[in-house]
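For reference, query-v4.csv is printed below; it contains CSV, C-alpha atoms.
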```
chain,number,residue,atom,x,y,z
A,63,THR,CA,2.9,13.1,1.8
A,64,ALA,CA,0.8,11.0,4.1
A,65,SER,CA,-1.1,12.0,7.1
A,66,THR,CA,-0.5,10.7,10.6
A,67,ILE,CA,-3.8,10.3,12.5
A,68,THR,CA,-6.0,13.0,10.4
A,69,SER,CA,-8.2,13.1,7.3
A,70,ASP,CA,-7.1,12.7,3.7
A,71,SER,CA,-9.0,14.5,1.1
A,72,GLY,CA,-7.7,16.0,-2.8
A,73,SER,CA,-7.4,19.4,-9.2
A,74,SER,CA,-5.7,19.2,-12.4
A,75,GLU,CA,-5.4,16.4,-14.9
A,76,PRO,CA,-2.9,13.7,-14.0
A,77,PRO,CA,0.2,13.2,-16.1
A,78,SER,CA,-0.4,11.2,-19.3
A,79,THR,CA,-0.7,7.5,-18.7
A,80,SER,CA,2.1,5.5,-20.1
A,81,ARG,CA,2.5,1.7,-20.5
A,82,SER,CA,4.9,0.3,-18.0
A,83,SER,CA,7.4,-2.4,-18.8
A,84,SER,CA,7.3,-5.7,-17.0
A,85,THR,CA,10.0,-7.6,-15.4
A,86,PHE,CA,8.3,-10.9,-16.4
A,87,GLY,CA,8.7,-12.9,-19.6
A,88,ASP,CA,6.0,-14.5,-21.7
A,89,SER,CA,5.0,-16.8,-18.9
A,90,PRO,CA,4.3,-14.6,-15.8
A,91,PRO,CA,3.2,-16.2,-12.6
A,92,GLN,CA,-0.6,-16.5,-12.3
A,93,PHE,CA,-2.3,-16.1,-8.9
A,94,GLU,CA,-6.0,-16.7,-9.7
A,95,ASP,CA,-6.0,-20.0,-7.9
A,96,SER,CA,-3.7,-18.9,-5.1
A,97,PRO,CA,-4.9,-19.5,-1.5
A,98,ALA,CA,-3.1,-16.3,-0.5
A,99,ILE,CA,-3.1,-13.2,-2.7
A,100,ARG,CA,-6.2,-12.8,-4.8
A,101,THR,CA,-7.3,-9.1,-4.2
A,102,ILE,CA,-5.0,-6.1,-3.9
A,103,VAL,CA,-6.1,-2.6,-3.1
A,104,ILE,CA,-4.1,0.3,-4.5
A,105,ASP,CA,-4.5,3.6,-2.7
A,106,ALA,CA,-3.5,6.8,-4.6
A,107,GLY,CA,-2.8,9.3,-1.9
A,108,HIS,CA,-4.7,12.6,-1.7
A,109,GLY,CA,-7.2,13.8,-4.4
A,110,GLY,CA,-9.7,16.5,-5.1
A,111,LEU,CA,-9.2,19.5,-2.9
A,112,ASP,CA,-6.3,17.8,-1.1
A,113,GLU,CA,-3.5,18.3,-3.6
A,114,GLY,CA,-0.8,16.8,-1.3
A,115,SER,CA,2.7,18.1,-1.9
A,116,ARG,CA,3.5,20.4,-4.7
A,117,GLY,CA,6.8,20.6,-6.6
A,118,VAL,CA,8.6,23.9,-7.5
A,119,ASN,CA,7.5,23.4,-11.1
A,120,GLY,CA,3.9,22.8,-10.1
A,121,THR,CA,3.7,19.0,-10.1
A,122,LEU,CA,1.1,17.8,-7.7
A,123,GLU,CA,1.4,14.7,-5.5
A,124,LYS,CA,-2.2,13.7,-6.1
A,125,ASP,CA,-1.7,13.6,-9.9
A,126,VAL,CA,1.4,11.5,-9.7
A,127,THR,CA,0.0,9.0,-7.2
A,128,LEU,CA,-3.1,8.5,-9.4
A,129,ASN,CA,-1.1,7.9,-12.5
A,130,VAL,CA,1.2,5.4,-10.9
A,131,ALA,CA,-1.8,3.7,-9.3
A,132,ARG,CA,-3.4,3.3,-12.7
A,133,LEU,CA,-0.2,1.8,-14.2
A,134,LEU,CA,0.3,-0.5,-11.2
A,135,THR,CA,-3.3,-1.7,-11.4
A,136,GLU,CA,-3.1,-2.5,-15.1
A,137,THR,CA,0.2,-4.3,-14.7
A,138,LEU,CA,-0.9,-6.4,-11.7
A,139,GLU,CA,-4.1,-7.5,-13.4
A,140,ARG,CA,-2.3,-8.3,-16.7
A,141,ARG,CA,0.8,-10.0,-15.3
A,142,LEU,CA,-0.4,-11.7,-12.1
A,143,GLY,CA,-4.1,-12.2,-12.8
A,144,VAL,CA,-5.1,-10.8,-9.5
A,145,ARG,CA,-8.1,-8.6,-8.8
A,146,VAL,CA,-7.1,-5.0,-8.2
A,147,ILE,CA,-9.2,-2.3,-6.7
A,148,GLN,CA,-8.3,1.4,-6.6
A,149,THR,CA,-9.5,3.6,-3.7
A,150,ARG,CA,-9.9,6.4,-6.3
A,151,THR,CA,-9.9,6.3,-10.1
A,152,SER,CA,-10.2,10.0,-10.6
A,153,ASP,CA,-9.4,13.4,-9.0
A,154,THR,CA,-11.8,13.0,-6.1
A,155,VAL,CA,-11.8,13.2,-2.3
A,156,VAL,CA,-11.7,9.9,-0.4
A,157,GLU,CA,-11.5,10.1,3.4
A,158,LEU,CA,-8.7,8.2,5.1
A,159,ASP,CA,-10.9,5.8,7.0
A,160,ARG,CA,-12.9,5.1,3.8
A,161,ARG,CA,-9.8,4.0,2.0
A,162,ALA,CA,-9.2,1.1,4.5
A,163,ALA,CA,-12.9,0.4,4.5
A,164,ILE,CA,-12.8,-0.2,0.7
A,165,ALA,CA,-10.0,-2.7,1.2
A,166,ASN,CA,-11.8,-4.5,4.1
A,167,ASN,CA,-15.2,-4.6,2.3
A,168,ASN,CA,-13.6,-6.2,-0.7
A,169,ASN,CA,-11.7,-8.8,1.4
A,170,ALA,CA,-8.4,-7.5,0.1
A,171,ASP,CA,-5.2,-9.5,0.8
A,172,LEU,CA,-2.8,-6.5,0.4
A,173,PHE,CA,-3.1,-2.8,0.8
A,174,ILE,CA,-0.6,-0.5,-0.9
A,175,SER,CA,-0.8,3.3,-0.4
A,176,LEU,CA,1.1,5.6,-2.7
A,177,HIS,CA,2.4,9.0,-1.7
A,178,ILE,CA,5.2,11.5,-2.4
A,179,ASN,CA,7.3,13.2,0.2
A,180,SER,CA,8.3,16.8,0.6
A,181,SER,CA,10.9,18.8,2.5
A,182,VAL,CA,11.6,22.5,3.2
A,183,SER,CA,15.0,21.8,1.6
A,184,PRO,CA,15.5,20.8,-2.0
A,185,GLU,CA,18.2,18.3,-1.1
A,186,PRO,CA,16.5,15.2,0.3
A,187,GLU,CA,15.7,12.5,-2.1
A,188,GLY,CA,14.7,8.9,-2.3
A,189,ALA,CA,11.8,6.5,-1.6
A,190,GLU,CA,10.7,5.4,1.8
A,191,VAL,CA,8.5,2.5,2.9
A,192,PHE,CA,6.4,2.6,6.0
A,193,TYR,CA,4.3,0.1,7.9
A,194,LEU,CA,2.2,0.9,11.0
A,195,SER,CA,3.6,1.8,14.4
A,196,ILE,CA,1.0,1.0,17.1
A,197,ASP,CA,2.9,2.6,20.0
A,198,GLU,CA,0.4,5.3,20.5
A,199,TYR,CA,-2.6,3.0,20.3
A,200,GLY,CA,-2.1,1.7,23.8
A,201,PRO,CA,-2.3,-1.8,25.4
A,202,GLU,CA,-5.4,-2.9,23.5
A,203,ALA,CA,-3.5,-2.7,20.2
A,204,GLN,CA,-0.5,-4.4,21.7
A,205,ASP,CA,-2.7,-7.2,23.0
A,206,ILE,CA,-4.2,-7.7,19.5
A,207,ALA,CA,-0.8,-7.7,17.9
A,208,THR,CA,0.5,-10.5,20.1
A,209,ARG,CA,-2.8,-12.5,20.7
A,210,GLU,CA,-2.8,-16.1,19.7
A,211,ARG,CA,-5.1,-16.5,16.7
A,212,GLN,CA,-8.3,-18.6,17.0
A,213,PHE,CA,-9.8,-20.3,14.0
A,214,LEU,CA,-13.1,-22.0,13.2
A,215,PRO,CA,-13.7,-24.7,10.5
A,216,VAL,CA,-15.9,-23.4,7.6
A,217,SER,CA,-18.0,-25.2,5.1
A,218,GLY,CA,-16.0,-26.4,2.1
A,219,GLY,CA,-12.7,-26.7,4.1
A,220,GLY,CA,-10.3,-24.2,5.5
A,221,THR,CA,-10.7,-22.0,8.5
A,222,ARG,CA,-12.1,-18.6,9.4
A,223,ASP,CA,-10.7,-16.2,11.9
A,224,ILE,CA,-13.4,-15.9,14.6
A,225,ASP,CA,-11.9,-13.0,16.5
A,226,MET,CA,-13.8,-9.7,16.2
A,227,ILE,CA,-11.5,-6.7,16.4
A,228,LEU,CA,-12.1,-3.0,16.6
A,229,TRP,CA,-11.8,-0.9,13.4
A,230,GLU,CA,-9.3,1.5,15.0
A,231,VAL,CA,-6.7,-1.3,15.6
A,232,ALA,CA,-7.5,-3.7,12.8
A,233,GLN,CA,-3.9,-3.5,11.4
A,234,ALA,CA,-2.3,-4.5,14.8
A,235,ARG,CA,-2.7,-8.2,14.1
A,236,TYR,CA,-1.0,-7.9,10.7
A,237,LEU,CA,2.1,-6.0,11.8
A,238,ASP,CA,4.5,-8.9,11.3
A,239,GLN,CA,3.3,-9.6,7.8
A,240,SER,CA,3.2,-5.8,7.0
A,241,ALA,CA,6.8,-5.6,8.2
A,242,VAL,CA,7.9,-8.5,5.9
A,243,PHE,CA,6.1,-6.9,2.9
A,244,ALA,CA,7.7,-3.5,3.7
A,245,GLN,CA,11.1,-5.1,3.7
A,246,ILE,CA,10.5,-6.8,0.4
A,247,VAL,CA,9.2,-3.5,-1.1
A,248,GLU,CA,12.3,-1.7,0.1
A,249,GLN,CA,14.6,-4.2,-1.4
A,250,GLU,CA,12.9,-4.2,-4.8
A,251,LEU,CA,12.7,-0.4,-4.9
A,252,ARG,CA,16.4,-0.1,-4.0
A,253,ARG,CA,17.3,-2.1,-7.1
A,254,ARG,CA,15.5,0.5,-9.3
A,255,VAL,CA,15.2,4.0,-7.8
A,256,PRO,CA,17.0,6.2,-5.4
A,257,MET,CA,16.3,5.5,-1.7
A,258,SER,CA,16.2,7.7,1.3
A,259,SER,CA,18.7,7.1,4.1
A,260,ARG,CA,15.7,6.1,6.2
A,261,ALA,CA,14.4,3.7,3.6
A,262,ILE,CA,12.1,1.6,5.9
A,263,GLN,CA,10.3,3.0,8.9
A,264,GLU,CA,7.4,2.5,11.3
A,265,ALA,CA,4.9,5.4,11.5
A,266,PRO,CA,1.3,6.0,12.8
A,267,PHE,CA,-0.3,6.7,9.4
A,268,ARG,CA,-4.0,6.9,9.8
A,269,VAL,CA,-4.7,5.3,6.4
A,270,LEU,CA,-3.0,2.1,7.6
A,271,VAL,CA,-4.7,1.7,11.0
A,272,GLY,CA,-8.0,0.2,9.9
A,273,ALA,CA,-6.6,-2.1,7.2
A,274,ASN,CA,-7.5,-5.7,8.0
A,275,MET,CA,-4.7,-7.2,5.9
A,276,PRO,CA,-0.9,-6.6,5.4
A,277,ALA,CA,-0.5,-2.9,4.5
A,278,VAL,CA,2.3,-0.6,3.6
A,279,LEU,CA,2.6,3.1,2.6
A,280,ILE,CA,5.2,4.2,0.1
A,281,GLU,CA,6.7,7.6,-0.3
A,282,MET,CA,8.1,7.4,-3.8
A,283,GLY,CA,10.6,10.2,-3.4
A,284,PHE,CA,10.7,13.9,-2.7
A,285,ILE,CA,8.8,16.3,-4.9
A,286,SER,CA,10.6,19.1,-3.3
A,287,ASN,CA,13.8,17.9,-5.0
A,288,PRO,CA,13.7,19.4,-8.6
A,289,ASP,CA,15.4,16.3,-10.1
A,290,GLN,CA,13.0,14.0,-8.5
A,291,GLU,CA,10.0,16.1,-9.4
A,292,GLN,CA,11.1,15.8,-13.1
A,293,ALA,CA,11.6,12.0,-12.6
A,294,PHE,CA,8.0,11.6,-11.3
A,295,LEU,CA,6.7,12.7,-14.7
A,296,SER,CA,8.9,10.3,-16.7
A,297,GLN,CA,7.8,7.0,-18.1
A,298,SER,CA,10.9,5.2,-17.0
A,299,PHE,CA,10.7,6.2,-13.4
A,300,GLN,CA,7.0,5.3,-13.1
A,301,ALA,CA,7.8,2.0,-14.8
A,302,SER,CA,10.5,1.3,-12.3
A,303,ILE,CA,8.2,1.9,-9.3
A,304,VAL,CA,5.5,-0.3,-10.9
A,305,ALA,CA,8.1,-3.1,-11.6
A,306,ALA,CA,9.4,-3.0,-8.0
A,307,LEU,CA,5.9,-3.3,-6.6
A,308,VAL,CA,4.9,-6.1,-8.9
A,309,GLU,CA,8.0,-8.0,-8.0
A,310,SER,CA,7.3,-7.3,-4.3
A,311,VAL,CA,3.9,-9.0,-4.6
A,312,VAL,CA,5.5,-12.0,-6.3
A,313,GLU,CA,8.2,-12.3,-3.6
A,314,PHE,CA,5.7,-11.8,-0.7
A,315,GLN,CA,3.5,-14.5,-2.2
A,316,ALA,CA,6.5,-16.8,-2.1
A,317,ARG,CA,7.3,-16.0,1.5
A,318,ILE,CA,4.0,-15.9,3.3
A,319,GLY,CA,3.8,-19.6,3.6
A,320,ASN,CA,6.9,-19.4,5.8
A,321,LEU,CA,5.3,-16.9,8.2
A,322,SER,CA,4.2,-18.3,11.6
A,323,ALA,CA,0.6,-17.1,11.5
A,324,VAL,CA,-0.5,-16.5,8.0
A,325,ASP,CA,-4.1,-15.2,7.4
A,326,THR,CA,-3.8,-13.0,4.4
A,327,LEU,CA,-7.2,-13.8,3.2
A,328,SER,CA,-8.7,-11.4,5.7
A,329,ASN,CA,-11.9,-13.3,6.2
A,330,SER,CA,-12.8,-12.0,9.6
A,331,PRO,CA,-15.6,-9.5,9.8
A,332,THR,CA,-14.5,-6.0,10.8
A,333,PRO,CA,-16.8,-3.1,11.6
A,334,ASN,CA,-16.3,-0.6,8.8
A,335,PRO,CA,-17.3,3.1,8.8
A,336,GLN,CA,-19.9,3.8,6.1
```
What is this file in structure tokens?
Amino acid sequence: TASTITSDSGSSEPPSTSRSSSTFGDSPPQFEDSPAIRTIVIDAGHGGLDEGSRGVNGTLEKDVTLNVARLLTETLERRLGVRVIQTRTSDTVVELDRRAAIANNNNADLFISLHINSSVSPEPEGAEVFYLSIDEYGPEAQDIATRERQFLPVSGGGTRDIDMILWEVAQARYLDQSAVFAQIVEQELRRRVPMSSRAIQEAPFRVLVGANMPAVLIEMGFISNPDQEQAFLSQSFQASIVAALVESVVEFQARIGNLSAVDTLSNSPTPNPQ
């Protein structure tokens, strides 16, 4: 599960890593020279002392998210040729604000946070996709989200966003793009894995607030559901999640040129906590 406005922190070995199948043939799309998506940050939720949710059979959210993050990183790098950075590569604590800072410091073009949901009832199941809700961030965030963008020419061609924005509301200006990406992810997941009845939602997740690029958080299912807990450990389920997210990146790359105010390169300097 993910935290709404708090700190993420998170021990046992993750499930064994398995190779995921790809939806692409022998000639996958290559994004190395793309002007849009070049760097993606994958955030495995929880870690270290913060175990996240726990299934009835002892499966830990922090282990599953790390394993899927590893598989996703490997597949994105191999199939799309993009640079992929993980916010954690082992069972360690990474604070919530630091996760977005890693993405910002590396000029990431997409931020994907992986989590698993839980319920007091064993009945709920299905994946959910979230993007940031800024309702509780007040008029400043609303202003940033709707402000007309200003750009400055830079050496070598192109433009640079000259607007300085506060760390706490960095995501506000990317809400439209995050919403588009969330919709794509929901559609691709729905083709492959069970979905919740609330498959796409807005929520005030702290890990998304400071991300200075399109960002989504994915709850891959409910670990409190015994069938889903078992599925999380299976090669086929993990491969399905990875395939859905890789396809989502491809589709988002194809669509972003049609957005009214595209700036997925995230070149604007943003104050980051150290």
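For the atom pair formed by atom CA of A:Val191 and atom CA of A:Thr101, the distance is 20.8 Å, given to one decimal.
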Leaving out stretch 245-261 of chain A and any residue of its chain fewer than 4 positions from it, which residues lie within 9 Å of it when counting only C-alpha atoms, given as a ChimeraX atom specification?
/A:186-192,240-241,278,280,282-283,299,302-303,305-307,309-311,313-314
Atom CA of A:Arg268 to atom CA of A:Gly117: how many Å, to one decimal?
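Answer for the atom CA of A:Arg268 to atom CA of A:Gly117 separation: 23.9 Å.
Here atom CA of A:Gly107 and atom CA of A:Leu237 stand 21.1 Å from one another.
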